[in-house]
Structure formats: C-alpha cells, structure tokens
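Trainee: Structure file target-v2.tsv (TSV, C-alpha atoms and all ligand atoms) is given on the next line.
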```
chain	number	residue	atom	x	y	z
K	1	MET	CA	0.00	0.00	0.00
K	2	ARG	CA	1.01	3.66	-0.25
K	3	ALA	CA	1.99	5.62	2.85
K	4	ALA	CA	3.21	9.20	3.21
K	5	ARG	CA	6.10	8.77	5.63
K	6	LEU	CA	8.44	11.01	7.56
K	7	HIS	CA	12.04	9.87	7.06
K	8	ALA	CA	13.84	12.77	8.77
K	9	TYR	CA	12.77	15.75	10.88
K	10	HIS	CA	12.53	19.09	9.04
K	11	GLU	CA	12.17	17.25	5.73
K	12	ALA	CA	9.20	16.69	3.41
K	13	LEU	CA	7.19	13.47	3.73
K	14	GLN	CA	7.80	10.77	1.08
K	15	LEU	CA	5.20	8.61	-0.60
K	16	ASP	CA	6.46	5.04	-0.06
K	17	GLU	CA	5.22	1.57	-0.96
K	18	VAL	CA	4.96	-0.40	2.32
K	19	ASP	CA	3.31	-3.58	3.62
K	20	GLU	CA	-0.37	-3.38	4.53
K	21	PRO	CA	-1.07	-3.63	8.28
K	22	LYS	CA	-2.56	-7.01	9.29
K	23	VAL	CA	-4.77	-8.08	12.18
K	24	SER	CA	-2.75	-9.96	14.82
K	25	GLY	CA	-4.60	-9.38	18.14
K	26	PRO	CA	-8.23	-10.44	18.74
K	27	LEU	CA	-9.46	-6.83	19.05
K	28	ASP	CA	-7.48	-5.42	16.11
K	29	VAL	CA	-9.32	-3.61	13.34
K	30	VAL	CA	-7.81	-2.61	10.00
K	31	VAL	CA	-9.52	0.40	8.43
K	32	LYS	CA	-9.32	1.22	4.75
K	33	ILE	CA	-8.69	4.95	4.88
K	34	GLY	CA	-11.38	7.01	3.14
K	35	ALA	CA	-10.01	10.31	4.39
K	36	ALA	CA	-7.37	11.58	6.80
K	37	GLY	CA	-7.37	15.10	8.21
K	38	LEU	CA	-4.24	17.20	8.31
K	39	CYS	CA	-3.48	18.74	11.69
K	40	ARG	CA	-1.10	21.42	12.90
K	41	THR	CA	0.37	18.64	15.05
K	42	ASP	CA	1.62	17.05	11.82
K	43	LEU	CA	3.63	20.21	11.19
K	44	HIS	CA	4.94	20.05	14.76
K	45	ILE	CA	5.87	16.38	14.24
K	46	GLN	CA	7.82	17.32	11.13
K	47	GLU	CA	9.55	20.10	13.11
K	48	GLY	CA	10.65	17.46	15.63
K	49	GLN	CA	8.61	18.88	18.53
K	50	TRP	CA	7.24	15.43	19.34
K	51	ALA	CA	10.45	13.42	18.82
K	52	GLU	CA	11.35	13.15	22.50
K	53	LYS	CA	7.80	12.77	23.81
K	54	SER	CA	6.64	10.14	21.32
K	55	GLN	CA	9.95	8.25	20.99
K	56	VAL	CA	8.76	7.22	17.53
K	57	LYS	CA	11.24	5.51	15.23
K	58	LEU	CA	11.65	6.99	11.75
K	59	PRO	CA	10.53	6.41	9.10
K	60	TYR	CA	6.88	6.31	10.06
K	61	THR	CA	3.44	7.45	8.84
K	62	PRO	CA	1.72	10.42	10.55
K	63	GLY	CA	-2.06	11.00	10.34
K	64	HIS	CA	-4.25	10.84	13.47
K	65	GLU	CA	-7.60	12.07	12.11
K	66	ASN	CA	-9.06	9.14	10.24
K	67	ALA	CA	-12.27	7.77	8.81
K	68	GLY	CA	-12.97	4.99	6.33
K	69	TRP	CA	-14.34	1.49	6.06
K	70	VAL	CA	-13.58	-1.60	8.13
K	71	HIS	CA	-11.32	-3.86	6.07
K	72	GLU	CA	-10.38	-6.67	8.46
K	73	VAL	CA	-11.30	-7.53	12.08
K	74	GLY	CA	-9.78	-9.69	14.84
K	75	SER	CA	-11.54	-12.81	16.16
K	76	ALA	CA	-13.11	-11.03	19.19
K	77	VAL	CA	-14.45	-7.94	17.41
K	78	THR	CA	-18.24	-7.72	17.66
K	79	ASN	CA	-19.05	-4.00	17.36
K	80	VAL	CA	-18.16	-3.60	13.67
K	81	GLU	CA	-18.05	-5.75	10.55
K	82	VAL	CA	-16.06	-5.63	7.35
K	83	GLY	CA	-17.46	-2.87	5.11
K	84	ASP	CA	-18.87	-0.70	7.94
K	85	THR	CA	-18.24	3.04	7.67
K	86	VAL	CA	-16.34	4.20	10.75
K	87	ILE	CA	-14.71	7.23	12.29
K	88	VAL	CA	-11.61	6.41	14.32
K	89	HIS	CA	-11.04	7.79	17.82
K	90	PRO	CA	-7.38	8.80	17.63
K	91	PHE	CA	-6.21	6.93	20.73
K	92	ILE	CA	-6.04	3.14	21.10
K	93	THR	CA	-7.11	2.36	24.68
K	94	CYS	CA	-7.06	-0.75	26.86
K	95	GLY	CA	-10.47	-0.40	28.53
K	96	LEU	CA	-9.15	-1.86	31.79
K	97	CYS	CA	-7.00	0.79	33.49
K	98	ARG	CA	-8.30	3.40	35.96
K	99	ALA	CA	-8.40	6.22	33.34
K	100	CYS	CA	-10.31	4.00	30.89
K	101	ARG	CA	-12.78	2.99	33.62
K	102	ALA	CA	-13.36	6.72	34.27
K	103	GLY	CA	-13.98	7.38	30.58
K	104	ASP	CA	-10.81	9.46	30.34
K	105	ASP	CA	-9.61	7.78	27.16
K	106	MET	CA	-6.69	10.10	26.44
K	107	HIS	CA	-4.90	9.14	29.66
K	108	CYS	CA	-5.13	5.37	29.24
K	109	GLU	CA	-2.07	3.88	30.94
K	110	ASN	CA	-1.59	1.35	28.14
K	111	GLY	CA	-2.64	3.50	25.21
K	112	SER	CA	-0.94	4.22	21.93
K	113	PHE	CA	-1.50	6.92	19.37
K	114	PRO	CA	-1.42	6.04	15.65
K	115	GLY	CA	0.05	8.95	13.76
K	116	ILE	CA	2.04	10.09	16.81
K	117	ASN	CA	3.94	7.11	18.23
K	118	ARG	CA	3.08	4.47	15.60
K	119	ASP	CA	1.92	4.39	11.99
K	120	GLY	CA	-1.10	6.58	11.29
K	121	GLY	CA	-3.56	7.24	8.50
K	122	PHE	CA	-1.68	9.05	5.73
K	123	ALA	CA	-1.85	5.72	3.94
K	124	ASP	CA	-4.27	3.33	2.27
K	125	PHE	CA	-4.84	1.33	5.49
K	126	LEU	CA	-4.61	1.89	9.28
K	127	LEU	CA	-4.36	-0.57	12.16
K	128	THR	CA	-6.50	0.37	15.18
K	129	SER	CA	-8.70	-1.47	17.69
K	130	ALA	CA	-12.36	-2.25	18.30
K	131	ARG	CA	-12.61	0.25	21.18
K	132	SER	CA	-11.52	3.11	18.91
K	133	VAL	CA	-14.01	2.80	16.06
K	134	VAL	CA	-17.40	4.50	16.00
K	135	LYS	CA	-19.78	2.91	13.49
K	136	LEU	CA	-21.51	5.45	11.27
K	137	ASP	CA	-24.43	5.73	8.90
K	138	PRO	CA	-23.16	4.11	5.66
K	139	ARG	CA	-24.39	7.11	3.68
K	140	LEU	CA	-21.73	9.30	5.33
K	141	GLN	CA	-18.65	9.89	3.21
K	142	PRO	CA	-15.39	9.71	5.20
K	143	ALA	CA	-14.06	12.89	3.56
K	144	GLU	CA	-17.06	14.77	4.95
K	145	ILE	CA	-16.53	13.73	8.55
K	146	ALA	CA	-12.86	12.69	9.04
K	147	ALA	CA	-12.03	16.09	10.55
K	148	LEU	CA	-14.38	15.33	13.43
K	149	ALA	CA	-11.99	12.60	14.62
K	150	ASP	CA	-9.43	15.06	15.96
K	151	ALA	CA	-10.10	18.72	15.06
K	152	GLY	CA	-13.75	18.37	15.98
K	153	LEU	CA	-13.11	16.12	18.95
K	154	THR	CA	-10.52	18.49	20.41
K	155	ALA	CA	-12.79	21.49	19.89
K	156	ILE	CA	-15.84	19.91	21.54
K	157	HIS	CA	-13.73	18.64	24.47
K	158	ALA	CA	-12.43	22.15	25.22
K	159	VAL	CA	-15.87	23.73	24.84
K	160	LYS	CA	-17.48	21.16	27.18
K	161	LYS	CA	-14.85	22.07	29.81
K	162	ALA	CA	-15.74	25.75	29.44
K	163	ILE	CA	-19.53	25.29	29.78
K	164	PRO	CA	-19.63	26.09	33.56
K	165	VAL	CA	-17.75	29.36	32.93
K	166	LEU	CA	-19.81	30.56	29.98
K	167	GLY	CA	-23.27	31.42	31.27
K	168	ALA	CA	-25.56	34.22	30.06
K	169	GLY	CA	-23.87	37.61	29.91
K	170	THR	CA	-20.38	36.18	29.53
K	171	ARG	CA	-17.96	36.64	26.67
K	172	CYS	CA	-15.59	34.17	25.14
K	173	VAL	CA	-12.66	34.96	22.87
K	174	VAL	CA	-11.85	32.27	20.33
K	175	ILE	CA	-8.30	32.62	19.02
K	176	GLY	CA	-8.04	31.03	15.58
K	177	ALA	CA	-10.93	30.20	13.24
K	178	GLY	CA	-9.19	27.45	11.27
K	179	GLY	CA	-9.66	23.68	11.33
K	180	LEU	CA	-10.45	23.51	15.05
K	181	GLY	CA	-11.71	27.01	15.65
K	182	HIS	CA	-14.54	26.85	13.13
K	183	ILE	CA	-15.88	23.75	14.89
K	184	GLY	CA	-15.29	25.28	18.34
K	185	ILE	CA	-17.50	28.26	17.42
K	186	GLN	CA	-20.35	25.92	16.46
K	187	CYS	CA	-19.95	23.90	19.67
K	188	LEU	CA	-20.03	27.12	21.72
K	189	LYS	CA	-23.28	28.07	19.96
K	190	ALA	CA	-24.74	24.63	20.63
K	191	TYR	CA	-23.76	24.45	24.31
K	192	THR	CA	-23.63	28.02	25.70
K	193	PRO	CA	-25.31	31.45	25.55
K	194	THR	CA	-21.93	33.25	25.64
K	195	GLU	CA	-21.10	36.15	23.30
K	196	ILE	CA	-18.44	34.89	20.90
K	197	ILE	CA	-15.52	37.08	19.79
K	198	VAL	CA	-13.29	35.47	17.15
K	199	VAL	CA	-9.74	36.66	16.55
K	200	ASP	CA	-7.78	35.58	13.45
K	201	PRO	CA	-5.34	37.20	10.97
K	202	ASN	CA	-7.15	35.73	7.95
K	203	GLU	CA	-10.15	37.68	6.61
K	204	LYS	CA	-11.64	34.55	4.95
K	205	ALA	CA	-11.49	32.66	8.25
K	206	LEU	CA	-13.29	35.56	9.95
K	207	GLU	CA	-15.94	35.54	7.24
K	208	LEU	CA	-16.53	31.84	7.90
K	209	ALA	CA	-16.68	32.57	11.65
K	210	ARG	CA	-19.44	35.13	11.07
K	211	GLU	CA	-21.39	32.67	8.92
K	212	LEU	CA	-21.15	30.13	11.73
K	213	GLY	CA	-22.55	32.55	14.31
K	214	ALA	CA	-19.65	34.49	15.82
K	215	ASP	CA	-21.01	37.70	17.38
K	216	HIS	CA	-17.86	39.71	16.66
K	217	THR	CA	-14.81	39.06	14.50
K	218	VAL	CA	-11.51	40.86	15.00
K	219	LYS	CA	-8.61	40.78	12.57
K	220	VAL	CA	-5.15	40.32	14.08
K	221	GLU	CA	-3.18	43.42	13.06
K	222	GLY	CA	-0.30	44.92	15.03
K	223	ALA	CA	-1.75	45.38	18.52
K	224	SER	CA	-5.05	46.91	17.44
K	225	HIS	CA	-6.95	43.62	17.89
K	226	ILE	CA	-6.16	43.66	21.61
K	227	GLN	CA	-7.57	47.18	21.87
K	228	THR	CA	-10.68	46.13	19.90
K	229	VAL	CA	-11.34	43.14	22.17
K	230	GLN	CA	-10.89	45.35	25.22
K	231	GLU	CA	-13.54	47.71	23.83
K	232	LEU	CA	-15.89	44.81	23.04
K	233	THR	CA	-15.56	43.59	26.63
K	234	ASP	CA	-16.10	46.95	28.38
K	235	GLY	CA	-12.38	47.19	29.15
K	236	THR	CA	-12.36	44.15	31.45
K	237	GLY	CA	-11.51	41.32	29.05
K	238	ALA	CA	-13.39	38.06	28.42
K	239	GLN	CA	-14.32	35.40	30.98
K	240	ALA	CA	-12.73	32.71	28.82
K	241	ILE	CA	-10.11	32.47	26.10
K	242	ILE	CA	-10.22	29.38	23.93
K	243	ASP	CA	-6.83	29.39	22.23
K	244	PHE	CA	-6.70	27.14	19.19
K	245	VAL	CA	-3.34	28.60	18.10
K	246	GLY	CA	-0.97	28.65	21.11
K	247	GLU	CA	1.97	29.99	19.13
K	248	LYS	CA	3.15	32.96	17.08
K	249	GLY	CA	2.17	35.44	19.82
K	250	ALA	CA	-1.31	34.06	20.50
K	251	VAL	CA	-0.64	33.56	24.21
K	252	GLU	CA	0.48	37.17	24.83
K	253	ASP	CA	-2.64	38.30	22.97
K	254	GLY	CA	-4.88	35.98	24.97
K	255	VAL	CA	-3.47	37.04	28.33
K	256	ALA	CA	-4.07	40.67	27.35
K	257	MET	CA	-7.70	39.87	26.48
K	258	ILE	CA	-8.71	37.85	29.56
K	259	GLU	CA	-10.66	39.17	32.53
K	260	ASP	CA	-9.17	38.88	36.03
K	261	GLY	CA	-10.37	35.54	37.38
K	262	GLY	CA	-10.73	34.23	33.82
K	263	PHE	CA	-10.09	30.79	32.36
K	264	TYR	CA	-7.58	30.26	29.57
K	265	TYR	CA	-8.08	27.02	27.62
K	266	VAL	CA	-4.89	25.94	25.84
K	267	ILE	CA	-5.51	23.78	22.78
K	268	GLY	CA	-3.07	24.95	20.12
K	269	TYR	CA	0.55	24.77	21.18
K	270	GLY	CA	4.08	25.56	20.12
K	271	GLN	CA	5.23	28.51	22.22
K	272	ASN	CA	5.76	28.80	25.98
K	273	ILE	CA	3.40	30.44	28.43
K	274	ASP	CA	5.72	33.09	29.76
K	275	ILE	CA	3.95	35.30	32.26
K	276	PRO	CA	5.14	36.47	35.68
K	277	THR	CA	3.68	34.28	38.42
K	278	ILE	CA	2.75	37.42	40.33
K	279	ASP	CA	0.37	38.23	37.46
K	280	VAL	CA	-1.07	34.71	37.55
K	281	ILE	CA	-1.89	35.04	41.26
K	282	SER	CA	-2.89	38.71	41.37
K	283	ARG	CA	-5.07	38.36	38.27
K	284	GLU	CA	-6.14	34.79	39.18
K	285	ILE	CA	-5.84	33.47	35.65
K	286	SER	CA	-6.40	29.71	35.33
K	287	PHE	CA	-4.63	27.94	32.47
K	288	ILE	CA	-6.31	24.70	31.44
K	289	GLY	CA	-4.72	22.19	29.09
K	290	CYS	CA	-6.98	20.35	26.66
K	291	LEU	CA	-5.88	17.10	25.00
K	292	VAL	CA	-8.01	15.73	22.16
K	293	GLY	CA	-11.21	14.26	23.71
K	294	THR	CA	-12.99	11.17	24.95
K	295	TYR	CA	-14.89	8.51	23.03
K	296	ILE	CA	-18.10	10.00	24.48
K	297	ASP	CA	-17.09	13.46	23.22
K	298	LEU	CA	-16.75	11.92	19.75
K	299	GLN	CA	-20.22	10.36	20.00
K	300	ASP	CA	-21.67	13.72	21.20
K	301	LEU	CA	-20.06	15.42	18.24
K	302	MET	CA	-21.52	12.90	15.82
K	303	THR	CA	-24.94	13.69	17.34
K	304	LEU	CA	-24.48	17.47	16.93
K	305	THR	CA	-23.40	16.83	13.33
K	306	ALA	CA	-26.43	14.63	12.62
K	307	GLN	CA	-28.62	17.43	14.05
K	308	GLY	CA	-27.00	19.92	11.67
K	309	LYS	CA	-25.55	21.96	14.55
K	310	VAL	CA	-21.96	21.29	13.47
K	311	THR	CA	-20.91	21.40	9.84
K	312	LEU	CA	-17.38	21.01	8.55
K	313	HIS	CA	-15.54	23.18	6.10
K	314	THR	CA	-12.76	21.32	4.34
K	315	SER	CA	-10.29	21.46	1.47
K	316	THR	CA	-9.38	18.06	0.02
K	317	TYR	CA	-6.07	16.90	-1.44
K	318	PRO	CA	-4.96	13.57	-2.92
K	319	LEU	CA	-2.51	11.61	-0.72
K	320	ASP	CA	0.43	12.38	-3.00
K	321	ALA	CA	-0.15	16.13	-2.47
K	322	ILE	CA	0.56	15.80	1.26
K	323	ASN	CA	3.45	18.26	1.19
K	324	ASP	CA	1.39	20.89	-0.67
K	325	ALA	CA	-1.33	20.51	1.96
K	326	MET	CA	1.19	20.89	4.77
K	327	ALA	CA	2.65	24.03	3.16
K	328	ASP	CA	-0.84	25.50	2.73
K	329	LEU	CA	-1.62	24.83	6.40
K	330	ASP	CA	1.68	26.33	7.53
K	331	ASN	CA	1.15	29.46	5.44
K	332	GLY	CA	-2.45	30.09	6.46
K	333	ARG	CA	-3.79	29.36	2.97
K	334	LEU	CA	-5.97	26.46	4.07
K	335	GLN	CA	-9.71	27.09	4.51
K	336	GLY	CA	-11.31	24.98	7.23
K	337	ARG	CA	-9.63	21.60	7.61
K	338	GLY	CA	-7.28	20.01	5.07
K	339	ILE	CA	-8.34	16.45	4.18
K	340	LEU	CA	-6.24	13.85	2.39
K	341	VAL	CA	-8.19	11.42	0.27
K	342	PRO	CA	-6.30	8.36	-1.01
K	343	GLN	CA	-7.08	7.97	-4.71
K	344	GLY	CA	-9.25	5.12	-5.87
K	345	VAL	CA	-10.49	4.41	-2.38
K	346	ARG	CA	-14.16	4.80	-3.31
K	347	GLU	CA	-13.89	1.84	-5.70
K	348	GLY	CA	-12.19	-0.07	-2.90
K	349	ALA	CA	-15.04	0.77	-0.57
K	350	ALA	CA	-17.61	-0.51	-3.01
K	351	ALA	CA	-15.67	-3.75	-3.28
K	352	ALA	CA	-15.36	-4.07	0.52
K	353	ALA	CA	-19.08	-3.44	1.01
Q	1	ZN	ZN	-4.35	16.78	15.77
Q	2	ZN	ZN	-6.65	2.04	29.60
```
Please render this file's structure as structure tokens.

Mentor:
Amino acid sequence: MRAARLHAYHEALQLDEVDEPKVSGPLDVVVKIGAAGLCRTDLHIQEGQWAEKSQVKLPYTPGHENAGWVHEVGSAVTNVEVGDTVIVHPFITCGLCRACRAGDDMHCENGSFPGINRDGGFADFLLTSARSVVKLDPRLQPAEIAALADAGLTAIHAVKKAIPVLGAGTRCVVIGAGGLGHIGIQCLKAYTPTEIIVVDPNEKALELARELGADHTVKVEGASHIQTVQELTDGTGAQAIIDFVGEKGAVEDGVAMIEDGGFYYVIGYGQNIDIPTIDVISREISFIGCLVGTYIDLQDLMTLTAQGKVTLHTSTYPLDAINDAMADLDNGRLQGRGILVPQGVREGAAAAA
C-alpha cells in the first residue's frame, strides 16, 4: 500500500510503498482509509517537537484524524463488521485501566497513538482497535466527517470544559478560526449562551466565523486587535479564552484579552506560556490544558453533526499532495480543515461493502 512517511525531521514526507497492516490481536481492526485530516500537530511532528515525547522511530506514517471502512477484524471484534463506515477515535485504549474505567480515554495507561507514536492514517490502510471505532451511517462519506476525529473532537472537548464558565452575559474569545476554531465556534453556539468574539489574521477565516454565528470578529493586526477586544468587553476582558493557536504570539494576545479571574483554555501549542507568576496570582488566571477528547465526546459530536448543529468546512487533497497541503496549512492558505483522500479508495469501498 502507499503511505506518506516522515524519514527525517525538518524534511518533506515521502510517498512510499509499504506492507499493509494485518490483524494480529483479537481486538485489532484494520480500516481502509477514506479520508485523513491534516493537523497542525503534523507540522509540529515534522519540526521534531514530538520526537522526545513520542519516541517514535523513523521512518513512520503520521495521520491521526481518520475515517474509512472496516477492512479486516480480529476474532473477538463484535461491534463492527467488514465494510462498515467508521470514524476512528485517535487513541487506542485498553479499557481496563483506571483512566479507561473513568472514561478518560486520552490518559489510558496502556494507550498508543497512531500517527504520533506508531503508523497513522496518511496511507491506504490503518491498524486500530475495536474500542476506537465509531460505526456510522453508511451514507456518510469519510471525507465529509474525518475532521471530526481530531479537530472536531478536540474542539468539543475544550468547549465542554468551558460550559460552567460561559453562562448568560459572559464573553468568550476564540483565538483562531481554522480547522479547530470553526468547529469550536459551532460547539459554543450549541452548548452556551456566551457572546463569541473570534480573533484571526485571515479575513476569509473571519468571514466563515461570522457565517457560523460568531457575534464579533476581529482581525489580528499589530496590537489593534487587543484594543478592539478590550472595547468589546467593556475594558475588562473576556471570561474565557479558547486558544486554538498557542503559538506565534497568540498567548500574549490571549493574556491581554482575559478578565481577572478568567479561564484560559490551551488547545493549540508551540510557544511557551511566559507570564510572571505574580500576574497569575494577582489576576487569578487559570490555564487549562486540553488534549483531544474522549470517546463520548466523539459520540456527542456525531450527534451534533447529525442534528446539523456542526458542519465542517474542508479542502481536500490527494494523498500524493501531502506536502502541498502541509505548506498551505503552515502558510495560512488552508480554509477549514485540510483532508487527504487516497485515490481510488471509493472503488475499494464498493468492493469491501
Ligand atoms: Zn491533531
Ligand atoms: Zn486504559
């Protein structure tokens, strides 16, 4: 099969011919990839930011936002059958540890993360497990929903954490209206009555944010956007910042836009949070890390999508255009979420079904 693999940090991915993954454990599931979303984390992987944390051995295949059709199942798999359309929760979990028992999938003690510390979905096939697949309506096309597996999941997880903070009369600043942000805005609308202020340097992204229900949009320009948000929040700042960027100055901006006693949700990452601790205590700012989401979050998101409350905006690329897609994401040219669609996979799906 084909796989877009990283051979060396700071270098472009290469399209290689590799062996197809095979079922070996009883709960293994092999998914024929219908679509794989491109994430800013894939850029950070290429930059080597994950090398130490993931301990992954190169070359390997990134891609942690996957949907497709079940291709092969282990002997104990009962929740899906060959040919089923599925979305793949990005983490493979054991189901037996304390975190799994609590429903906190991302902190499974025995988990692994295809696309981060083992081969992911920028390929024709992906090996995952029965606990990670959510069976979908067969009419759904993977390219239409793959971005829910990580971008959407991460956005809904952060928004659900912020629900207690964002009652009537509150304001929430969303930093970044890209792949995650545009879903986050819709989740905020679905779950809270907060007034939504969206900050982004890209005019097209702001336009999309307005279409999706943002109350105010503010273009990042010099320092004027900080002033504008201050004016929109009566000079006090917002009760919550949901930061989908976390780099390139976003954190300084966010800290300047938050109310004393406010909650700062960190989702995007890349730069350090560098603020004097005396400001953290005197202003009582809480920083909250948000890592992907739970299996239940993914199910909730599929419900909101079925109800029409969350819709995805995507740009699709063939698998062999992976490096163009990554460059577009890096340069802010990508509208919504970038989706890689392996060529010829629709015919394959028809055959599998
Ligand atoms: Zn991601
Ligand atoms: Zn576990």

Trainee: Which residue gives the smallest distance to ligand ZN 1 (chain Q) among K:Arg337, K:Arg210, K:His216, K:Arg283, with all atoms listed in the file counted?

Mentor: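 Result for the nearest residue to ligand ZN 1 (chain Q): K:Arg337.
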
Trainee: Taking (-8.8, 32.0, 20.8) in the file's coordinates, which residues come within 6 Å, counting only C-alpha atoms, written as a list in words?

Mentor: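 Final list of nearby residues, as requested, is Val173, Val174, Ile175, Gly176, Ile241, Ile242, Asp243 and Phe244 of chain K.
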
Trainee: Could you please determine the separation between CA of Lys309 in chain K and CA of Val266 in chain K in Å, to one decimal place?

Mentor: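 Spanning CA of Lys309 in chain K to CA of Val266 in chain K is a straight-line distance of 23.9 Å.
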
Trainee: Using all atoms listed in the file, which of the listed residues (K:Leu15, K:His7, K:Leu27, K:Asp104) sits closest to ligand ZN 2 (chain Q)?

Mentor: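 Closest to ligand ZN 2 (chain Q), using all atoms listed in the file: K:Asp104.
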
Trainee: For range 201-203 of chain K, find every residue with an atom within 10 Å (counting all atoms listed in the file), except residues of its own chain fewer than 3 positions away, and show them as a ChimeraX atom specification.

Mentor: /K:175-178,206-209,217-221,225,332-333,335

Trainee: Counting all atoms listed in the file, what are the residues, protein, DNA or RNA alike, that approach ligand ZN 1 (chain Q) to within 9 Å? I want them as a ChimeraX atom specification.

Mentor: /K:37-42,63-65,90,149-151,154,292

Trainee: Taking a cut-off of 7 Å and counting all atoms listed in the file, can you build a table that, for each residue of chain K near ligand ZN 2 (chain Q), reports the nearest atom pair and how far apart they are in Å (one decimal), sorted by chain then residue number, as CSV?

Mentor:
```
residue,atom,partner,partner_atom,distance
K:Thr93,CA,Q:ZN2,ZN,5.0
K:Cys94,CA,Q:ZN2,ZN,3.9
K:Gly95,CA,Q:ZN2,ZN,4.7
K:Leu96,CA,Q:ZN2,ZN,5.1
K:Cys97,CA,Q:ZN2,ZN,4.1
K:Arg98,CA,Q:ZN2,ZN,6.7
K:Ala99,CA,Q:ZN2,ZN,5.9
K:Cys100,CA,Q:ZN2,ZN,4.3
K:Asp105,CA,Q:ZN2,ZN,6.9
K:Cys108,CA,Q:ZN2,ZN,3.7
K:Glu109,CA,Q:ZN2,ZN,5.1
K:Asn110,CA,Q:ZN2,ZN,5.3
K:Gly111,CA,Q:ZN2,ZN,6.1
```

Trainee: Under the rule that all atoms listed in the file are counted, which of K:Asp330, K:Lys161, K:Phe122, K:Glu17 is the nearest residue to Gly289 in chain K?

Mentor: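 Using all atoms listed in the file, the shortest distance to Gly289 in chain K belongs to K:Lys161.
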
Trainee: Quick one: residues within 8 Å of Ser112 in chain K, all atoms listed in the file counted, chain neighbours fewer than 2 positions away excluded, as a ChimeraX atom specification?

Mentor: /K:91-93,110,114,117-118

Trainee: Take the residues that were just selected and, keeping C-alpha atoms, output them as a PDB file, in the frame of the given file.

Mentor:
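The resulting file, part28.pdb, is shown below:
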```pdb
ATOM      1  CA  PHE K  91      -6.210   6.930  20.730  1.00  0.00           C
ATOM      2  CA  ILE K  92      -6.040   3.140  21.100  1.00  0.00           C
ATOM      3  CA  THR K  93      -7.110   2.360  24.680  1.00  0.00           C
ATOM      4  CA  ASN K 110      -1.590   1.350  28.140  1.00  0.00           C
ATOM      5  CA  PRO K 114      -1.420   6.040  15.650  1.00  0.00           C
ATOM      6  CA  ASN K 117       3.940   7.110  18.230  1.00  0.00           C
ATOM      7  CA  ARG K 118       3.080   4.470  15.600  1.00  0.00           C
TER       8      ARG K 118
END
```

Trainee: Find, counting only C-alpha atoms, the residue in K:Val88, K:Ile45, K:Cys172, K:Leu319 that gets nearest to Gly270 in chain K.

Mentor: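 Checking each candidate against Gly270 in chain K, we get K:Ile45 as the closest.
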
Trainee: With all atoms listed in the file as the counted atoms, please give the residues lying no more than 12 Å from Ala130 in chain K, apart from itself and same-chain residues fewer than 3 positions off, as a PyMOL selection string.

Mentor: chain K and resi 23+25-31+70+72-81+86-89+91-95+127+133-135

Trainee: Counting all atoms listed in the file, what is within 10 Å of range 248-257 of chain K, bar same-chain residues fewer than 2 positions away, as a tab-separated table (two decimals) with C-alpha atoms, in the frame of the given file?

Mentor:
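After the write, part.tsv holds the following:
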```tsv
chain	number	residue	atom	x	y	z
K	172	CYS	CA	-15.59	34.17	25.14
K	173	VAL	CA	-12.66	34.96	22.87
K	174	VAL	CA	-11.85	32.27	20.33
K	175	ILE	CA	-8.30	32.62	19.02
K	176	GLY	CA	-8.04	31.03	15.58
K	199	VAL	CA	-9.74	36.66	16.55
K	200	ASP	CA	-7.78	35.58	13.45
K	220	VAL	CA	-5.15	40.32	14.08
K	223	ALA	CA	-1.75	45.38	18.52
K	225	HIS	CA	-6.95	43.62	17.89
K	226	ILE	CA	-6.16	43.66	21.61
K	227	GLN	CA	-7.57	47.18	21.87
K	228	THR	CA	-10.68	46.13	19.90
K	229	VAL	CA	-11.34	43.14	22.17
K	230	GLN	CA	-10.89	45.35	25.22
K	233	THR	CA	-15.56	43.59	26.63
K	235	GLY	CA	-12.38	47.19	29.15
K	236	THR	CA	-12.36	44.15	31.45
K	237	GLY	CA	-11.51	41.32	29.05
K	238	ALA	CA	-13.39	38.06	28.42
K	239	GLN	CA	-14.32	35.40	30.98
K	240	ALA	CA	-12.73	32.71	28.82
K	241	ILE	CA	-10.11	32.47	26.10
K	242	ILE	CA	-10.22	29.38	23.93
K	243	ASP	CA	-6.83	29.39	22.23
K	244	PHE	CA	-6.70	27.14	19.19
K	245	VAL	CA	-3.34	28.60	18.10
K	246	GLY	CA	-0.97	28.65	21.11
K	259	GLU	CA	-10.66	39.17	32.53
K	260	ASP	CA	-9.17	38.88	36.03
K	262	GLY	CA	-10.73	34.23	33.82
K	263	PHE	CA	-10.09	30.79	32.36
K	264	TYR	CA	-7.58	30.26	29.57
K	265	TYR	CA	-8.08	27.02	27.62
K	266	VAL	CA	-4.89	25.94	25.84
K	268	GLY	CA	-3.07	24.95	20.12
K	269	TYR	CA	0.55	24.77	21.18
K	270	GLY	CA	4.08	25.56	20.12
K	271	GLN	CA	5.23	28.51	22.22
K	272	ASN	CA	5.76	28.80	25.98
K	273	ILE	CA	3.40	30.44	28.43
K	274	ASP	CA	5.72	33.09	29.76
K	275	ILE	CA	3.95	35.30	32.26
K	279	ASP	CA	0.37	38.23	37.46
K	280	VAL	CA	-1.07	34.71	37.55
K	285	ILE	CA	-5.84	33.47	35.65
```

Trainee: State, in Å with one decimal place, the distance from CA of Pro276 in chain K to CA of Ile258 in chain K.

Mentor: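 Pair CA of Pro276 in chain K / CA of Ile258 in chain K returns 15.2 Å.
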
Trainee: My list of candidates is K:Thr294, K:Gln49, K:Ala67, K:Val56. Which is closest to Ile145 in chain K when distances are computed with only C-alpha atoms?

Mentor: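 Looking only at the distances to Ile145 in chain K, the closest residue turns out to be K:Ala67.
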
Trainee: Just checking: using only C-alpha atoms, which residue out of K:Ile116, K:Ala321, K:Ala35, K:Val82 ends up closest to Gln55 in chain K?

Mentor: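 Of K:Ile116, K:Ala321, K:Ala35, K:Val82, the one nearest Gln55 in chain K, counting only C-alpha atoms, is K:Ile116.
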
Trainee: If I take CA of Arg139 in chain K and CA of Gly34 in chain K, how far is one from the other in Å, to one decimal?

Mentor: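 It comes out at 13.0 Å.
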
Trainee: Select, counting only C-alpha atoms, all protein, DNA and RNA residues no farther than 6 Å from (10.7, 18.6, 10.8) in file coordinates, and express the selection as a PyMOL selection string.

Mentor: chain K and resi 9-11+46-48

Trainee: Env of Leu153 in chain K: 9 Å cut, atoms = all atoms listed in the file, seq-sep filter 6 positions within chain, self excluded. Answer as a CSV table (one decimal) with C-alpha atoms, in the frame of the given file.

Mentor:
```csv
chain,number,residue,atom,x,y,z
K,89,HIS,CA,-11.0,7.8,17.8
K,147,ALA,CA,-12.0,16.1,10.6
K,180,LEU,CA,-10.4,23.5,15.0
K,292,VAL,CA,-8.0,15.7,22.2
K,293,GLY,CA,-11.2,14.3,23.7
K,294,THR,CA,-13.0,11.2,25.0
K,295,TYR,CA,-14.9,8.5,23.0
K,297,ASP,CA,-17.1,13.5,23.2
K,298,LEU,CA,-16.8,11.9,19.8
K,301,LEU,CA,-20.1,15.4,18.2
```
